[in-house]
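Novice: Coordinates in query-v7.tsv, TSV, C-alpha atoms and all ligand atoms, are listed below.
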chain	number	residue	atom	x	y	z
A	1	MET	CA	23.61	-20.13	72.48
A	2	ALA	CA	20.97	-22.62	71.41
A	3	GLN	CA	21.81	-25.00	68.58
A	4	ASP	CA	20.78	-23.64	65.18
A	5	LYS	CA	18.13	-25.65	63.35
A	6	ILE	CA	18.22	-25.01	59.64
A	7	LEU	CA	15.62	-25.59	56.94
A	8	VAL	CA	16.77	-25.62	53.30
A	9	ILE	CA	13.89	-25.17	50.85
A	10	GLY	CA	14.54	-26.36	47.28
A	11	SER	CA	17.24	-28.67	48.62
A	12	SER	CA	17.62	-30.90	45.58
A	13	GLY	CA	18.41	-28.11	43.10
A	14	GLN	CA	21.81	-27.10	41.81
A	15	ILE	CA	22.76	-25.05	44.89
A	16	GLY	CA	20.72	-26.97	47.48
A	17	THR	CA	22.40	-30.30	46.73
A	18	GLU	CA	25.82	-28.94	47.69
A	19	LEU	CA	24.63	-26.50	50.35
A	20	VAL	CA	22.84	-29.22	52.33
A	21	GLN	CA	26.02	-31.34	52.38
A	22	SER	CA	28.11	-28.42	53.62
A	23	LEU	CA	25.57	-27.27	56.20
A	24	ARG	CA	25.26	-30.84	57.52
A	25	THR	CA	29.05	-30.95	57.91
A	26	VAL	CA	29.11	-27.62	59.73
A	27	TYR	CA	25.98	-27.92	61.90
A	28	GLY	CA	25.50	-31.71	62.15
A	29	ALA	CA	23.22	-33.75	59.90
A	30	ASP	CA	20.33	-33.80	62.39
A	31	ASN	CA	20.22	-30.01	62.54
A	32	VAL	CA	19.74	-29.46	58.80
A	33	ILE	CA	16.31	-30.29	57.40
A	34	ALA	CA	16.35	-30.65	53.62
A	35	SER	CA	13.05	-30.03	51.83
A	36	ASP	CA	11.82	-30.11	48.29
A	37	ILE	CA	8.63	-30.52	46.36
A	38	LYS	CA	9.52	-34.19	45.70
A	39	PRO	CA	11.30	-36.78	47.85
A	40	THR	CA	15.06	-37.08	47.27
A	41	ASP	CA	18.01	-39.16	48.44
A	42	GLN	CA	18.87	-36.41	50.92
A	43	ALA	CA	16.47	-38.19	53.29
A	44	LYS	CA	19.12	-40.91	53.70
A	45	GLU	CA	21.63	-38.56	55.30
A	46	GLY	CA	19.41	-36.49	57.59
A	47	PRO	CA	15.93	-35.07	58.12
A	48	PHE	CA	13.90	-34.45	54.96
A	49	GLU	CA	10.43	-33.00	54.35
A	50	VAL	CA	8.34	-32.89	51.20
A	51	LEU	CA	7.36	-29.23	51.18
A	52	ASP	CA	5.68	-26.78	48.82
A	53	VAL	CA	6.92	-23.32	49.80
A	54	MET	CA	3.80	-21.79	48.26
A	55	ASN	CA	1.79	-23.43	51.05
A	56	ALA	CA	2.32	-21.08	54.01
A	57	HIS	CA	0.43	-23.35	56.39
A	58	GLN	CA	2.55	-26.41	55.53
A	59	LEU	CA	5.73	-24.33	55.75
A	60	GLY	CA	4.77	-23.03	59.19
A	61	GLU	CA	3.97	-26.57	60.37
A	62	VAL	CA	7.38	-27.92	59.27
A	63	VAL	CA	9.23	-24.97	60.81
A	64	THR	CA	7.42	-25.34	64.15
A	65	ARG	CA	7.68	-29.14	64.31
A	66	HIS	CA	11.46	-29.07	63.76
A	67	ASN	CA	12.00	-25.95	65.87
A	68	VAL	CA	13.70	-24.28	62.89
A	69	ASN	CA	15.36	-20.89	63.46
A	70	GLN	CA	17.11	-20.35	60.09
A	71	VAL	CA	15.69	-20.81	56.59
A	72	TYR	CA	17.61	-20.93	53.31
A	73	LEU	CA	15.04	-20.40	50.54
A	74	LEU	CA	16.37	-21.76	47.24
A	75	ALA	CA	13.15	-22.83	45.48
A	76	ALA	CA	12.74	-20.70	42.33
A	77	LEU	CA	12.24	-20.75	38.58
A	78	LEU	CA	15.41	-19.57	36.83
A	79	SER	CA	15.79	-17.17	33.94
A	80	ALA	CA	15.07	-19.33	30.89
A	81	THR	CA	12.25	-21.34	32.50
A	82	ALA	CA	10.50	-18.28	33.92
A	83	GLU	CA	10.34	-16.77	30.41
A	84	LYS	CA	8.30	-19.82	29.33
A	85	THR	CA	5.85	-19.65	32.26
A	86	PRO	CA	5.94	-16.03	33.47
A	87	LYS	CA	2.97	-16.32	35.85
A	88	LEU	CA	4.36	-19.37	37.61
A	89	GLY	CA	7.83	-17.79	37.70
A	90	TRP	CA	6.51	-14.64	39.35
A	91	GLU	CA	4.22	-16.48	41.78
A	92	LEU	CA	6.77	-19.04	42.95
A	93	ASN	CA	9.60	-16.54	43.25
A	94	MET	CA	7.52	-13.96	45.13
A	95	GLN	CA	5.04	-15.99	47.20
A	96	GLY	CA	7.75	-18.32	48.43
A	97	LEU	CA	9.74	-15.32	49.63
A	98	PHE	CA	6.74	-13.70	51.37
A	99	ASN	CA	5.88	-16.94	53.14
A	100	VAL	CA	9.40	-17.17	54.58
A	101	LEU	CA	9.80	-13.45	55.35
A	102	ASN	CA	6.47	-13.50	57.21
A	103	LEU	CA	7.72	-16.27	59.51
A	104	ALA	CA	10.66	-14.02	60.37
A	105	LYS	CA	8.37	-11.00	60.84
A	106	GLU	CA	6.34	-13.06	63.33
A	107	LYS	CA	9.64	-14.01	65.08
A	108	ILE	CA	9.01	-17.73	64.47
A	109	ILE	CA	12.43	-17.87	62.76
A	110	ASP	CA	15.31	-15.47	63.34
A	111	ARG	CA	17.39	-15.53	60.15
A	112	VAL	CA	16.65	-15.89	56.42
A	113	TYR	CA	18.87	-16.53	53.41
A	114	TRP	CA	17.44	-15.73	50.00
A	115	PRO	CA	19.46	-15.68	46.76
A	116	SER	CA	19.30	-12.89	44.26
A	117	SER	CA	21.11	-12.88	40.93
A	118	ILE	CA	23.03	-10.91	38.32
A	119	ALA	CA	19.65	-11.03	36.54
A	120	VAL	CA	18.55	-8.00	38.60
A	121	PHE	CA	20.63	-5.94	36.19
A	122	GLY	CA	19.43	-5.04	32.71
A	123	PRO	CA	20.48	-3.62	29.35
A	124	ASN	CA	20.94	-0.10	30.78
A	125	THR	CA	23.26	-1.21	33.58
A	126	PRO	CA	27.01	-0.53	33.11
A	127	ARG	CA	28.20	-3.94	31.93
A	128	GLU	CA	31.76	-4.02	33.19
A	129	ASN	CA	32.73	-4.06	36.84
A	130	THR	CA	29.04	-3.46	37.59
A	131	PRO	CA	28.75	-1.56	40.87
A	132	GLN	CA	26.59	-2.52	43.85
A	133	PHE	CA	24.38	0.53	43.42
A	134	THR	CA	23.55	1.31	39.80
A	135	ILE	CA	20.79	1.36	37.21
A	136	MET	CA	18.75	-1.83	37.44
A	137	GLU	CA	16.14	-2.32	34.79
A	138	PRO	CA	15.84	-6.09	34.48
A	139	SER	CA	14.19	-7.30	31.27
A	140	THR	CA	13.38	-10.89	32.27
A	141	VAL	CA	10.60	-12.30	34.47
A	142	TYR	CA	13.25	-13.87	36.66
A	143	GLY	CA	15.17	-10.59	36.96
A	144	ILE	CA	12.02	-8.64	37.75
A	145	SER	CA	11.12	-11.14	40.49
A	146	LYS	CA	14.63	-10.97	41.96
A	147	GLN	CA	14.71	-7.20	41.94
A	148	ALA	CA	11.27	-7.00	43.58
A	149	GLY	CA	12.44	-9.63	46.08
A	150	GLU	CA	15.48	-7.52	46.96
A	151	ARG	CA	13.25	-4.53	47.63
A	152	TRP	CA	11.00	-6.65	49.88
A	153	CYS	CA	13.97	-8.06	51.79
A	154	GLU	CA	15.23	-4.56	52.54
A	155	TYR	CA	11.70	-3.44	53.44
A	156	TYR	CA	11.18	-6.31	55.89
A	157	HIS	CA	14.57	-5.58	57.44
A	158	LYS	CA	13.88	-1.87	57.91
A	159	LYS	CA	10.21	-2.11	58.91
A	160	TYR	CA	10.11	-5.34	60.88
A	161	ASN	CA	13.75	-5.85	61.84
A	162	VAL	CA	13.90	-9.12	59.88
A	163	ASP	CA	17.45	-10.52	59.68
A	164	VAL	CA	17.49	-11.40	55.99
A	165	ARG	CA	20.73	-11.86	54.06
A	166	SER	CA	21.19	-12.19	50.32
A	167	LEU	CA	23.75	-12.54	47.53
A	168	ARG	CA	23.46	-11.77	43.83
A	169	TYR	CA	24.86	-15.03	42.49
A	170	PRO	CA	26.61	-15.04	39.14
A	171	GLY	CA	26.32	-18.18	36.97
A	172	LEU	CA	27.21	-21.18	39.15
A	173	ILE	CA	29.24	-24.18	38.05
A	174	GLY	CA	29.61	-27.41	39.97
A	175	TRP	CA	30.21	-31.11	39.30
A	176	GLN	CA	27.82	-32.59	41.87
A	177	SER	CA	24.51	-31.24	40.60
A	178	ALA	CA	22.87	-30.19	37.36
A	179	PRO	CA	21.49	-26.69	36.85
A	180	GLY	CA	17.90	-26.32	35.66
A	181	GLY	CA	16.50	-23.66	33.41
A	182	GLY	CA	19.19	-20.98	33.59
A	183	THR	CA	21.03	-18.97	30.95
A	184	THR	CA	24.44	-19.84	32.38
A	185	ASP	CA	23.75	-23.61	32.40
A	186	TYR	CA	25.95	-24.12	29.34
A	187	ALA	CA	29.02	-23.72	31.54
A	188	VAL	CA	28.09	-26.94	33.36
A	189	HIS	CA	26.80	-28.90	30.35
A	190	ILE	CA	29.99	-28.20	28.41
A	191	PHE	CA	32.05	-30.30	30.85
A	192	HIS	CA	29.72	-33.30	30.69
A	193	GLU	CA	29.55	-33.20	26.89
A	194	ALA	CA	33.32	-32.73	26.59
A	195	ILE	CA	33.87	-35.94	28.56
A	196	LYS	CA	31.00	-37.88	26.94
A	197	ALA	CA	31.15	-36.76	23.30
A	198	GLY	CA	34.29	-34.64	22.90
A	199	LYS	CA	32.20	-31.81	21.48
A	200	TYR	CA	29.55	-29.30	22.52
A	201	GLU	CA	27.01	-27.12	20.74
A	202	CYS	CA	26.62	-23.93	22.78
A	203	PHE	CA	23.34	-22.01	22.99
A	204	LEU	CA	25.22	-18.73	23.54
A	205	SER	CA	27.57	-17.08	21.03
A	206	GLU	CA	31.31	-17.46	21.40
A	207	ASN	CA	32.11	-14.04	22.88
A	208	THR	CA	29.24	-13.84	25.37
A	209	THR	CA	31.16	-13.00	28.52
A	210	LEU	CA	29.26	-13.49	31.79
A	211	PRO	CA	30.14	-13.38	35.49
A	212	MET	CA	30.57	-16.91	36.87
A	213	MET	CA	31.57	-18.70	40.06
A	214	TYR	CA	32.66	-22.18	41.08
A	215	MET	CA	30.19	-23.80	43.48
A	216	PRO	CA	32.61	-24.19	46.44
A	217	ASP	CA	33.02	-20.40	46.39
A	218	ALA	CA	29.24	-19.89	46.23
A	219	ILE	CA	28.74	-22.21	49.21
A	220	LYS	CA	31.54	-20.46	51.12
A	221	ALA	CA	29.91	-17.06	50.44
A	222	THR	CA	26.44	-18.31	51.41
A	223	ILE	CA	27.46	-19.83	54.73
A	224	GLY	CA	29.85	-16.90	55.24
A	225	ILE	CA	27.18	-14.21	55.00
A	226	MET	CA	24.81	-16.25	57.18
A	227	GLN	CA	27.46	-16.63	59.89
A	228	ALA	CA	28.61	-12.99	59.76
A	229	ASP	CA	27.78	-10.75	62.71
A	230	ALA	CA	24.49	-8.97	61.97
A	231	ASP	CA	26.05	-5.51	62.18
A	232	LYS	CA	28.53	-6.43	59.43
A	233	VAL	CA	25.72	-7.21	56.99
A	234	LYS	CA	25.01	-3.62	56.05
A	235	ILE	CA	23.24	-4.23	52.75
A	236	ARG	CA	19.88	-5.91	53.27
A	237	SER	CA	18.71	-5.94	49.66
A	238	SER	CA	21.44	-8.18	48.21
A	239	TYR	CA	25.23	-8.09	47.83
A	240	ASN	CA	27.09	-8.15	44.53
A	241	LEU	CA	29.23	-11.29	44.49
A	242	ALA	CA	32.06	-11.98	42.07
A	243	GLY	CA	34.22	-14.91	41.07
A	244	PHE	CA	35.56	-14.56	37.54
A	245	SER	CA	34.19	-13.93	34.04
A	246	PHE	CA	34.51	-15.93	30.85
A	247	SER	CA	32.91	-16.53	27.46
A	248	PRO	CA	32.08	-19.89	25.84
A	249	LYS	CA	35.23	-19.46	23.75
A	250	ASP	CA	37.38	-18.91	26.87
A	251	ILE	CA	36.09	-22.00	28.65
A	252	ALA	CA	36.42	-24.10	25.48
A	253	GLU	CA	40.12	-23.11	25.34
A	254	GLU	CA	40.57	-24.17	28.95
A	255	ILE	CA	38.80	-27.49	28.31
A	256	LYS	CA	41.10	-28.16	25.33
A	257	LYS	CA	44.03	-28.18	27.75
A	258	HIS	CA	42.46	-31.34	29.24
A	259	ILE	CA	40.87	-32.79	26.08
A	260	PRO	CA	42.93	-31.51	23.09
A	261	SER	CA	40.47	-32.89	20.51
A	262	PHE	CA	37.47	-31.07	22.06
A	263	THR	CA	35.45	-28.94	19.62
A	264	ILE	CA	32.74	-26.37	20.22
A	265	SER	CA	30.10	-24.98	17.85
A	266	TYR	CA	27.64	-22.16	18.41
A	267	ASN	CA	23.89	-22.08	17.86
A	268	PRO	CA	22.49	-19.21	19.94
A	269	ASP	CA	18.83	-19.48	20.97
A	270	SER	CA	16.46	-17.29	23.00
A	271	ARG	CA	18.85	-17.40	25.94
A	272	GLN	CA	21.28	-15.20	23.99
A	273	GLN	CA	19.01	-12.21	24.46
A	274	ILE	CA	18.87	-12.82	28.20
A	275	ALA	CA	22.67	-13.09	28.40
A	276	ASP	CA	23.08	-9.90	26.37
A	277	SER	CA	21.06	-7.99	28.97
A	278	TRP	CA	23.35	-9.03	31.87
A	279	PRO	CA	26.69	-7.62	33.07
A	280	GLN	CA	30.01	-9.06	31.94
A	281	SER	CA	31.76	-8.58	35.26
A	282	ILE	CA	30.74	-7.60	38.78
A	283	ASN	CA	32.27	-5.37	41.41
A	284	ALA	CA	31.98	-7.13	44.78
A	285	SER	CA	33.95	-4.64	46.86
A	286	GLU	CA	31.05	-4.04	49.30
A	287	ALA	CA	30.93	-7.75	50.17
A	288	SER	CA	34.72	-7.81	50.63
A	289	LYS	CA	34.66	-4.70	52.81
A	290	ASP	CA	31.62	-5.57	54.96
A	291	TRP	CA	32.06	-9.27	55.70
A	292	GLY	CA	35.32	-10.31	54.09
A	293	TRP	CA	34.32	-11.92	50.78
A	294	LYS	CA	37.20	-13.41	48.76
A	295	PRO	CA	36.91	-16.12	46.09
A	296	ASP	CA	39.34	-19.06	45.93
A	297	TYR	CA	38.83	-20.13	42.30
A	298	ASP	CA	39.60	-18.74	38.86
A	299	LEU	CA	38.78	-20.32	35.48
A	300	LYS	CA	41.85	-22.55	35.42
A	301	ARG	CA	41.53	-23.81	39.00
A	302	MET	CA	37.83	-24.48	38.49
A	303	THR	CA	38.39	-26.37	35.22
A	304	ASP	CA	41.12	-28.51	36.76
A	305	ASP	CA	38.89	-29.35	39.72
A	306	MET	CA	35.84	-30.10	37.54
A	307	PHE	CA	37.81	-32.60	35.45
A	308	LYS	CA	39.43	-34.15	38.50
A	309	ASN	CA	36.00	-34.86	39.98
A	310	LEU	CA	33.99	-35.66	36.86
A	311	LYS	CA	36.57	-38.12	35.54
A	312	LYS	CA	36.41	-40.07	38.80
A	313	ASP	CA	32.85	-41.21	37.93
A	401	LIG	N1	22.30	-18.75	36.68
A	401	LIG	C1	21.06	-18.06	36.69
A	401	LIG	C2	20.38	-18.17	35.40
A	401	LIG	O1	21.06	-18.34	34.41
A	401	LIG	C3	21.28	-16.60	37.01
A	401	LIG	O2	20.91	-16.36	38.31
A	401	LIG	O3	19.20	-18.06	35.33
As structure tokens, how would this structure be written, given the file I've shared?
Ligand code: SER
Specialist:
Amino acid sequence: MAQDKILVIGSSGQIGTELVQSLRTVYGADNVIASDIKPTDQAKEGPFEVLDVMNAHQLGEVVTRHNVNQVYLLAALLSATAEKTPKLGWELNMQGLFNVLNLAKEKIIDRVYWPSSIAVFGPNTPRENTPQFTIMEPSTVYGISKQAGERWCEYYHKKYNVDVRSLRYPGLIGWQSAPGGGTTDYAVHIFHEAIKAGKYECFLSENTTLPMMYMPDAIKATIGIMQADADKVKIRSSYNLAGFSFSPKDIAEEIKKHIPSFTISYNPDSRQQIADSWPQSINASEASKDWGWKPDYDLKRMTDDMFKNLKKD
């Protein structure tokens, strides 16, 4: 089999930063082209391109020049940011996807990864142990774009035999990169503020339970679904994915085990309404059954690992 050549679009974001490192370890640095709208340090460790995914011509040129066969499309506006600029949120999240899917339709690339989100669910979705197939009436711009994107992925798969694979990420927490513009971002900020200031003011209320995942599990799932045999990937919209669930109060308790004097206060803002429209926990049994998904981390293991790494700095 020919060597895979991988393009990661939106490589300097929260997921891209860690995904590029892992992909370069697995496939070799030279075979993973990082790309983002602005130059980043990722150029020091392997190929890098400044790329605007909205520009189909530029995207096609980069893909052809590097002989790319797999694309991971991570460039997007997240839930809180897309509420502020709905038109840009919709355009970036949809046009970027079409530009990549069309390359696969034309057989210029042979595999696509595109992330969906728990934001595809809405206030009428069953909130606990949310099933794969259920009511989905997203109430955010981001959620609407992800749900539409899921429909298009499935459509391109059925109509044009495009090998597109997708996961509905829960909130993601990692120590290497900062999130930008999401509703679950508090769960990363809280660690940095705990270490820096010993206190944190949370923009969600204390009992707002949301589905979450530690970044190493998210990376394992992402590379896992992309490496799975095509016939095992039965769902071509997007798979439910689950780690564990917690509220701001739960994570504050866990942090206190490391920093006993840590205090948290609550000052919910517009992101509360977004969080209230999302599930509290996710049923990922289809992902487990089809391609063997299993998380390694729970809240305690994640918290221990976050402190171990953040305190090194
Ligand atoms: N973490 C994302 C957000 O909060 C959900 O996909 O927007």
Novice: For Gly96 (chain A), which residue among A:Val62, A:Ile223, A:Ile108, A:Ile9 is the nearest when counting all atoms listed in the file?
Specialist: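 That would be A:Ile9, the residue with the smallest distance to Gly96 (chain A).
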Novice: What does the distance between CA of Ser288 (chain A) and CA of Gly171 (chain A) come to in Å, to one decimal place?
Specialist: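 For CA of Ser288 (chain A) relative to CA of Gly171 (chain A), the distance reads 19.1 Å.
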Novice: Select, from A:Glu193, A:Glu201, A:Asp4, A:Asp276, the residue with the minimum atom-to-atom distance to ligand LIG 401 (chain A), counting only C-alpha atoms and all ligand atoms.
Specialist: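 Once distances to ligand LIG 401 (chain A) are computed over only C-alpha atoms and all ligand atoms, the minimum belongs to A:Asp276.
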Novice: Would you list the residues near (20.0, -10.6, 37.9) (no more than 7 Å away, in the coordinates of the file, using only C-alpha atoms) as JSON, numbers by chain?
Specialist: {"A": [116, 117, 118, 119, 120, 121, 143, 146, 168]}
Novice: Since we have the selection now, will you write its residues out, keeping C-alpha atoms, as an mmCIF file, in the frame of the given file?
Specialist:
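Everything below was put into part33.cif:
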data_model
loop_
_atom_site.group_PDB
_atom_site.id
_atom_site.type_symbol
_atom_site.label_atom_id
_atom_site.label_comp_id
_atom_site.auth_asym_id
_atom_site.auth_seq_id
_atom_site.Cartn_x
_atom_site.Cartn_y
_atom_site.Cartn_z
ATOM 1 C CA SER A 116 19.300 -12.890 44.260
ATOM 2 C CA SER A 117 21.110 -12.880 40.930
ATOM 3 C CA ILE A 118 23.030 -10.910 38.320
ATOM 4 C CA ALA A 119 19.650 -11.030 36.540
ATOM 5 C CA VAL A 120 18.550 -8.000 38.600
ATOM 6 C CA PHE A 121 20.630 -5.940 36.190
ATOM 7 C CA GLY A 143 15.170 -10.590 36.960
ATOM 8 C CA LYS A 146 14.630 -10.970 41.960
ATOM 9 C CA ARG A 168 23.460 -11.770 43.830
#
Novice: For region 261-271 of chain A, please output as a PDB file with C-alpha atoms, in the coordinates of the input all residues within 10 Å (counting all atoms listed in the file; exclusion window: fewer than 4 positions along the same chain).
Specialist:
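Generated file (around37.pdb):
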ATOM      1  CA  SER A  79      15.790 -17.170  33.940  1.00  0.00           C
ATOM      2  CA  ALA A  80      15.070 -19.330  30.890  1.00  0.00           C
ATOM      3  CA  GLU A  83      10.340 -16.770  30.410  1.00  0.00           C
ATOM      4  CA  GLY A 182      19.190 -20.980  33.590  1.00  0.00           C
ATOM      5  CA  THR A 183      21.030 -18.970  30.950  1.00  0.00           C
ATOM      6  CA  THR A 184      24.440 -19.840  32.380  1.00  0.00           C
ATOM      7  CA  ILE A 190      29.990 -28.200  28.410  1.00  0.00           C
ATOM      8  CA  GLU A 193      29.550 -33.200  26.890  1.00  0.00           C
ATOM      9  CA  ALA A 194      33.320 -32.730  26.590  1.00  0.00           C
ATOM     10  CA  ILE A 195      33.870 -35.940  28.560  1.00  0.00           C
ATOM     11  CA  ALA A 197      31.150 -36.760  23.300  1.00  0.00           C
ATOM     12  CA  GLY A 198      34.290 -34.640  22.900  1.00  0.00           C
ATOM     13  CA  LYS A 199      32.200 -31.810  21.480  1.00  0.00           C
ATOM     14  CA  TYR A 200      29.550 -29.300  22.520  1.00  0.00           C
ATOM     15  CA  GLU A 201      27.010 -27.120  20.740  1.00  0.00           C
ATOM     16  CA  CYS A 202      26.620 -23.930  22.780  1.00  0.00           C
ATOM     17  CA  PHE A 203      23.340 -22.010  22.990  1.00  0.00           C
ATOM     18  CA  LEU A 204      25.220 -18.730  23.540  1.00  0.00           C
ATOM     19  CA  SER A 205      27.570 -17.080  21.030  1.00  0.00           C
ATOM     20  CA  GLU A 206      31.310 -17.460  21.400  1.00  0.00           C
ATOM     21  CA  PRO A 248      32.080 -19.890  25.840  1.00  0.00           C
ATOM     22  CA  LYS A 249      35.230 -19.460  23.750  1.00  0.00           C
ATOM     23  CA  ALA A 252      36.420 -24.100  25.480  1.00  0.00           C
ATOM     24  CA  GLU A 253      40.120 -23.110  25.340  1.00  0.00           C
ATOM     25  CA  ILE A 255      38.800 -27.490  28.310  1.00  0.00           C
ATOM     26  CA  LYS A 256      41.100 -28.160  25.330  1.00  0.00           C
ATOM     27  CA  LYS A 257      44.030 -28.180  27.750  1.00  0.00           C
ATOM     28  CA  ALA A 275      22.670 -13.090  28.400  1.00  0.00           C
ATOM     29  CA  ASP A 276      23.080  -9.900  26.370  1.00  0.00           C
TER      30      ASP A 276
END
Novice: Which of these residues is nearest to ligand LIG 401 (chain A), using all atoms listed in the file: A:Glu18, A:Val8, A:Asn240, A:Leu77?
Specialist: A:Leu77
Novice: Name the closest residue to ligand LIG 401 (chain A) among the candidates A:Ala218, A:Leu78, A:Val141, A:Ser11; distances are taken between atoms, counting only C-alpha atoms and all ligand atoms.
Specialist: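 Of A:Ala218, A:Leu78, A:Val141, A:Ser11, the one nearest ligand LIG 401 (chain A), counting only C-alpha atoms and all ligand atoms, is A:Leu78.
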Novice: Box time for region 125-133 of chain A: axis-aligned, enclosing all its listed atoms, 4 Å extra on each side; report centre and edge lengths in Å to one decimal, as lines of an AutoDock Vina configuration file.
Specialist:
center_x = 28.0
center_y = -1.8
center_z = 37.9
size_x = 17.5
size_y = 12.6
size_z = 19.9
Novice: Figure out the distance between CA of Leu241 (chain A) and CA of Arg151 (chain A), please, to one decimal in Å.
Specialist: 17.6 Å
Novice: Name the closest residue to Glu45 (chain A) among the candidates A:Arg127, A:Lys312, A:Arg65, A:Arg24; distances are taken between atoms, counting all atoms listed in the file.
Specialist: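 Smallest distance to Glu45 (chain A) is found for A:Arg24.
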Novice: Go ahead and compute the interatomic distance for CA of Asp290 (chain A) and CA of Lys234 (chain A), in Å to one decimal.
Specialist: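 Between CA of Asp290 (chain A) and CA of Lys234 (chain A) the gap is 7.0 Å.
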Novice: Let me make sure I understand: among A:Pro170, A:Pro131, A:Gly292, A:Gly224, which one has the smallest atom-to-atom distance to ligand LIG 401 (chain A) if we use all atoms listed in the file?
Specialist: A:Pro170
Novice: Starting from the point (33.9, -21.6, 51.7), work out which residues of protein, DNA or RNA have an atom no more than 10 Å away when counting only C-alpha atoms; state them as a list of chain:residue names.
Specialist: A:Ser22, A:Met215, A:Pro216, A:Asp217, A:Ala218, A:Ile219, A:Lys220, A:Ala221, A:Thr222, A:Ile223, A:Gly224, A:Trp293, A:Lys294, A:Pro295, A:Asp296
Novice: Report as a PyMOL selection string all protein, DNA and RNA residues lying within 12 Å of region 28-35 of chain A, evaluated on only C-alpha atoms, omitting residues in the same chain fewer than 3 positions from it.
Specialist: chain A and resi 2-13+16-25+38-53+58-59+62-63+65-75
Novice: Show me, as a list in words, the residues that have an atom within 12 Å of Tyr155 (chain A) when counting all atoms listed in the file, minus same-chain residues fewer than 3 positions from it.
Specialist: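 Surrounding residues, per the criterion: Phe98, Leu101, Asn102, Lys105, Ala148, Gly149, Glu150, Arg151, Trp152, Lys158, Lys159, Tyr160, Asn161, Val162, Asp163, Val164, Ile235, Arg236 and Ser237 of chain A.
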Novice: May I have the residues within 8 Å of Gly122 (chain A) as a list in words, using only C-alpha atoms and disregarding those fewer than 5 positions away in the same chain?
Specialist: Ile135, Met136, Glu137, Pro138, Ser139, Ser277, Trp278 and Pro279 of chain A
Novice: Considering all atoms listed in the file, return as a PyMOL selection string whatever protein or nucleic-acid residues lie within 10 Å of Thr81 (chain A), sequence-local ones (same chain, fewer than 5 positions apart) excluded.
Specialist: chain A and resi 76+86+88-89+141-142+180-183
